[in-house]
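Engineer: Once you've had a glance at the structure underneath, I'll fire off some questions.
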Amino acid sequence: MKLYHAIKKGRFIARPNRFIAHIEIDGQAELCHVKNTGRLRELLVPGAAVYVETSLNPLRKTKYDLVAVERDGALINIDSSAPNAVFGEWVQRSGFFGNIRLLRPETTYKNSRFDFYIETETRKIFIEVKGVTLIAEDGIVCFPDAPTARGTKHLRELTACVQEGFEAAVFFIAQMEQAAGFSPNTETDPSFALALHRAAENGVGIYCLTCHVSPQTLQAKDFVPIFLP
């Protein structure tokens with residue numbers, strides 16, 4: 001699906017904080033908003049080719065949004081808002097859950113707020129979506145790239161939903177085309193890895209989809225194996 005307009009290619013220089021990057025476009029140094037608060041240390045390295053979207057808001061402090069990075073000749077989308085849009089488009093065209101009668105984003109249940117709620121004729125399903133940009137050894141993609149107490153809380157809440165009679169699932173959207181499989185990043189966040197393992201044991205579906213990536217588009221493509229330590 002097309003997500004971006006007015007894309008330009010540039011070169012990454014530095015990232016002084018989570019939200020801002022210094023980039024070079026057409027020989028000029030520019031400030032750029034980074035649409036991802038993760039660490040991205042393996043991607044945002046000096047000299048890396050980046051793709052940015054020109055903002056249409058003349059009042060913004062930054063003219064560009066950084067949306068993708070090249071690594072080893074492949075393009076990786078880093079926009080943390082993109083996976084939900086990608087999943088919403090994919091789940092309707094794929095037929096994965098059957099005939100969907102209701103697809104509702106940002107749904108609150110008790111004290112929890114989930115990315116999506118789906119109803120078919122016979123099923124009621126809560127879903128969380130997580131974007132993945134980290135590539136580890138042997139092409140395995142991992143989440144998270146920084147500790148996430150919020151992500152761990154989501155997994156525990158999804159497990160509670162299953163215990164209360166609903167279905168629940170986590171979809172990891174690998175924002176890249178090449179991935180040999182998915183594994184939680186145990187070294188970075190052992191609590192998340194443990195919560196994911198327990199969620200799977202209790203019936204929460206764990207899935208990972210790769211994406212076809214271009215500078216302007218991102219579209220869900222293939223399932224890859226899940227490896228839970």
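Chain lettering (A, B, ...) mirrors the order of the structure tokens, residue numbering begins at 1 for each chain separately, and ligand numbering begins at 1 in order of display.
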Using only C-alpha atoms, I'd like a table of the residues in segment 30-129 of chain A that come within 8 Å of segment 143-148 of chain A; for each, show the closest atom pair and its distance in Å rounded to one decimal, ordered by chain and ascending number, as a Markdown table.

Structural biologist:
```
| residue | atom | partner | partner_atom | distance |
| --- | --- | --- | --- | --- |
| A:Gly38 | CA | A:Ala146 | CA | 6.5 |
| A:Arg39 | CA | A:Asp145 | CA | 6.5 |
| A:Leu40 | CA | A:Asp145 | CA | 7.3 |
```

Engineer: Give the alpha helix (DSSP H) residues of segment 111-208 of chain A, as assigned by DSSP on the backbone, as a list in words.

Structural biologist: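 So, restricting segment 111-208 of chain A to alpha helix (DSSP H), we get Ala149, Arg150, Gly151, Thr152, Lys153, His154, Leu155, Arg156, Glu157, Leu158, Thr159, Ala160, Cys161, Val162, Gln163, Pro190, Ser191, Phe192, Ala193, Leu194, Ala195, Leu196, His197, Arg198, Ala199, Ala200 and Glu201 of chain A.
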
Engineer: Which residue is closest to Leu209 of chain A? Choose from A:Val86, A:Ile135, A:Leu196, A:Ile100 and count only C-alpha atoms.

Structural biologist: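 Nearest candidate to Leu209 of chain A out of A:Val86, A:Ile135, A:Leu196, A:Ile100: A:Val86.
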
Engineer: With a distance cut-off of 12 Å and only C-alpha atoms, select the neighbouring residues of Thr107 of chain A, excluding the residue or stretch itself and same-chain residues fewer than 4 positions from it, and output the selection as a PyMOL selection string.

Structural biologist: chain A and resi 102-103+111-118+125-128

Engineer: Which residue, A:Gly203, A:Pro105, A:Pro46, A:Gly88, has the smallest gap to Ala160 of chain A when you use only C-alpha atoms?

Structural biologist: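 Counting only C-alpha atoms, the residue closest to Ala160 of chain A is A:Gly203.
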
Engineer: Find the residue from A:Leu75, A:Cys208, A:Leu155, A:Ala14 that sits nearest to Val45 of chain A; use only C-alpha atoms when measuring.

Structural biologist: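 Comparing A:Leu75, A:Cys208, A:Leu155, A:Ala14 against Val45 of chain A, the winner is A:Ala14.
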
Engineer: For atom CA of Gly181 of chain A and atom CA of Val141 of chain A, determine how far apart the two atoms are, in Å to one decimal place.

Structural biologist: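 Atom CA of Gly181 of chain A sits 6.3 Å away from atom CA of Val141 of chain A.
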
Engineer: For a quick check of understanding, using only C-alpha atoms, which of A:Ile140, A:Ile76, A:Glu187, A:Glu157 has the smallest distance to Thr108 of chain A?

Structural biologist: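 Ranked by minimum distance to Thr108 of chain A, first place goes to A:Glu157.
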
Engineer: Quick one: residues within 7 Å of Val162 of chain A, only C-alpha atoms counted, chain neighbours fewer than 5 positions away excluded, as a PyMOL selection string?

Structural biologist: chain A and resi 167-168+203-204

Engineer: Using the selection just defined, write its residues with C-alpha atoms as a PDB file, in the first residue's frame.

Structural biologist:
```
ATOM      1  CA  GLU A 167      -9.156 -15.202  20.839  1.00  0.00           C
ATOM      2  CA  ALA A 168      -5.982 -13.116  20.830  1.00  0.00           C
ATOM      3  CA  GLY A 203      -3.179 -19.879  23.334  1.00  0.00           C
ATOM      4  CA  VAL A 204      -2.257 -16.415  22.067  1.00  0.00           C
TER       5      VAL A 204
END
```

Engineer: So which one's closest to Gln178 of chain A, A:Arg104, A:Lys153, A:Arg93, A:Arg71? Using only C-alpha atoms, please.

Structural biologist: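 The shortest atom-to-atom distance to Gln178 of chain A comes from A:Arg71.
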
Engineer: Let me make sure I understand: among A:Asn17, A:Ser80, A:Thr152, A:Thr62, which one has the smallest atom-to-atom distance to His33 of chain A if we use only C-alpha atoms?

Structural biologist: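 Closest to His33 of chain A of all the choices is A:Thr62.
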
Engineer: Excluding segment 215-224 of chain A and residues on its chain fewer than 5 positions from it, collect all residues at most 9 Å away from it, counting only C-alpha atoms, and give them as a ChimeraX atom specification.

Structural biologist: /A:1-9,51-53,67-68,75,77,82-83,86-87,89-90,173-177,179-182,207-210

Engineer: State, in Å with one decimal place, the distance from atom CA of Pro16 of chain A to atom CA of Ser191 of chain A.

Structural biologist: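 Those two atoms sit 28.7 Å apart.
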
Engineer: Show me, as a count of residues only, the residues that have an atom within 8 Å of Ile206 of chain A when counting only C-alpha atoms, minus same-chain residues fewer than 5 positions from it.

Structural biologist: 6

Engineer: So that I can check the surroundings of Ala149 of chain A, please list as a PDB file with C-alpha atoms, in the first residue's frame every protein, DNA and RNA residue that reaches within 9 Å of it, counting only C-alpha atoms and ignoring chain neighbours fewer than 5 positions away.

Structural biologist:
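For reference, selection_31.pdb as written:
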```pdb
ATOM      1  CA  HIS A 154       0.128  -6.027  26.197  1.00  0.00           C
ATOM      2  CA  ASP A 189      14.313  -7.585  27.172  1.00  0.00           C
ATOM      3  CA  SER A 191      10.707  -9.966  30.523  1.00  0.00           C
ATOM      4  CA  PHE A 192       9.145  -9.475  27.098  1.00  0.00           C
TER       5      PHE A 192
END
```

Engineer: Figure out the distance between atom CA of Gly95 of chain A and atom CA of Thr122 of chain A, please, to one decimal in Å.

Structural biologist: 14.5 Å
